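Peer 1: Here it is: the structure, laid out below.
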Amino acid sequence: MEETNEYLCGPRMLKAYLDKVTGPNLEELRLTPSSAPFLGEIAQNEGASLKLLSELLMVDKAHTTRVISKLIDSGLVENRAEGHEYSLYLTETGVVAWKRSKIIMEEAWEDLLKDLTPEERKTLRGILEKIARVVREAEQ
C-alpha cells in the first residue's frame with residue numbers, strides 16, 4: 001500500500017511559492033513578502049500600535065518592531081506618537097505601495113488557484129475560513 005502525505009501542500013510550500021512569485025515585484029516597492037501584510041493592517045487600522053499589529057498578524061513584538069523600523073526608514077510608514085508609544089500611519093508613498101502590493105498578492109493567488117473551478121474556490125475559501133477561526137481561537 002502506498003504511503004500518502006496528508007500535507008502535500010503545506011504552509012511552508014505555499015509561503016515559498018508566494019514569496020518567489022511576489023518577491024521581485026514587492027522589492028520594487030521597498031517591501032518584502034513578510035513586510036507587505038503590515039502595510040495592509042496599518043491601512044485598515046490607522047493609528048495602530050506595535051502590540052495591535054503583533055496580535056493581528058500573529059507575530060511576536062520583536063519581529064513587528066524590526067519590520068516597522070524598516071518600513072519607517074523606507075518612508076512607507078510614519079509614527080505620529082511621542083516617546084516610546086507608536087501610532088502608525090501610512091505615508092502617501094505607503095498608501096501607493098499598499099495598493100500595489102494588494103494587486104501583486106491578488107495576482108499571485110489568482111495564478112495559484114487558476115486550475116480550480118468556481119465551486120472548488122468557494123469550498124477552499126470555506127475550509128480556509130474554518131482553519132483561520134481555529135488558529136485565532138488558539139491565540140486567545
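By order of appearance in the C-alpha cells: chains A, B, ..., then residues from 1 within every chain, and ligands from 1 in the order shown.
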Within 12 Å of segment 117-133 of chain A, counting only C-alpha atoms, which residues show up once you throw out same-chain ones fewer than 6 positions away? Write them as an mmCIF file with C-alpha atoms, in the first residue's frame, please.
Peer 2:
data_model
loop_
_atom_site.group_PDB
_atom_site.id
_atom_site.type_symbol
_atom_site.label_atom_id
_atom_site.label_comp_id
_atom_site.auth_asym_id
_atom_site.auth_seq_id
_atom_site.Cartn_x
_atom_site.Cartn_y
_atom_site.Cartn_z
ATOM 1 C CA PRO A 11 2.142 26.142 4.759
ATOM 2 C CA LEU A 57 -0.574 39.338 12.297
ATOM 3 C CA MET A 58 0.140 36.737 14.977
ATOM 4 C CA TRP A 109 -3.299 33.951 -5.580
ATOM 5 C CA GLU A 110 -5.212 34.067 -8.861
ATOM 6 C CA GLU A 139 -4.105 32.520 20.006
ATOM 7 C CA GLN A 140 -6.579 33.884 22.559
#
Peer 1: Give me the residues near segment 82-84 of chain A as number ranges by chain, where near means some atom within 12 Å (using only C-alpha atoms) and where sequence neighbours in that chain fewer than 6 positions away do not count.
Peer 2: A: 49-50, 65
Peer 1: Which one of A:Ile72, A:Ile104, A:Ala97, A:Ala48 sits closest to Lys20 of chain A if you count only C-alpha atoms?
Peer 2: A:Ile104
Peer 1: Nearest to Ala36 of chain A: which of A:Leu88, A:Met105, A:Leu52, A:Ala81 is it, counting only C-alpha atoms?
Peer 2: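 So, comparing all the options, the nearest one is A:Met105.
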Peer 1: Please report the interatomic distance between atom CA of Leu8 of chain A and atom CA of Leu26 of chain A in Å with one decimal.
Peer 2: 27.2 Å
Peer 1: Ranking A:Ser74, A:Lys51, A:Leu56, A:Cys9 by minimum distance to Leu31 of chain A and counting only C-alpha atoms, which one comes first?
Peer 2: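 Comparing A:Ser74, A:Lys51, A:Leu56, A:Cys9 against Leu31 of chain A, the winner is A:Ser74.
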Peer 1: Tell me, in Å to one decimal, how far atom CA of Leu76 of chain A is from atom CA of Leu90 of chain A.
Peer 2: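 One can read the atom CA of Leu76 of chain A to atom CA of Leu90 of chain A distance as 5.9 Å.
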Peer 1: Counting only C-alpha atoms, which of A:Pro33, A:Ile42, A:Glu27, A:Arg136 gets nearest to Asn79 of chain A?
Peer 2: A:Ile42
Peer 1: Pick from A:Leu29, A:Ala108, A:Val67, A:Ala138: nearest to Gly94 of chain A, with only C-alpha atoms counted?
Peer 2: A:Leu29
Peer 1: According to DSSP computed on the backbone, where in chain A is there strand (DSSP E or B)? Give the residues as a list in words.
Peer 2: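 Selecting the strand (DSSP E or B) positions of chain A gives Ala48, Val77, Glu78, Asn79, Leu88, Tyr89 and Leu90 of chain A.
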Peer 1: Considering only C-alpha atoms, state which residue in the set A:Pro24, A:Gly40, A:Gly47, A:Gly75 is at the smallest distance from Thr93 of chain A.
Peer 2: A:Gly75
Peer 1: Run DSSP on the backbone and give me the residues of segment 69-108 of chain A it puts in helix (DSSP H, G or I), as a list in words.
Peer 2: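 Residues of segment 69-108 of chain A classed as helix (DSSP H, G or I): Ser69, Lys70, Leu71, Ile72, Asp73, Glu92, Thr93, Gly94, Val95, Val96, Ala97, Trp98, Lys99, Arg100, Ser101, Lys102, Ile103, Ile104, Met105, Glu106, Glu107 and Ala108 of chain A.
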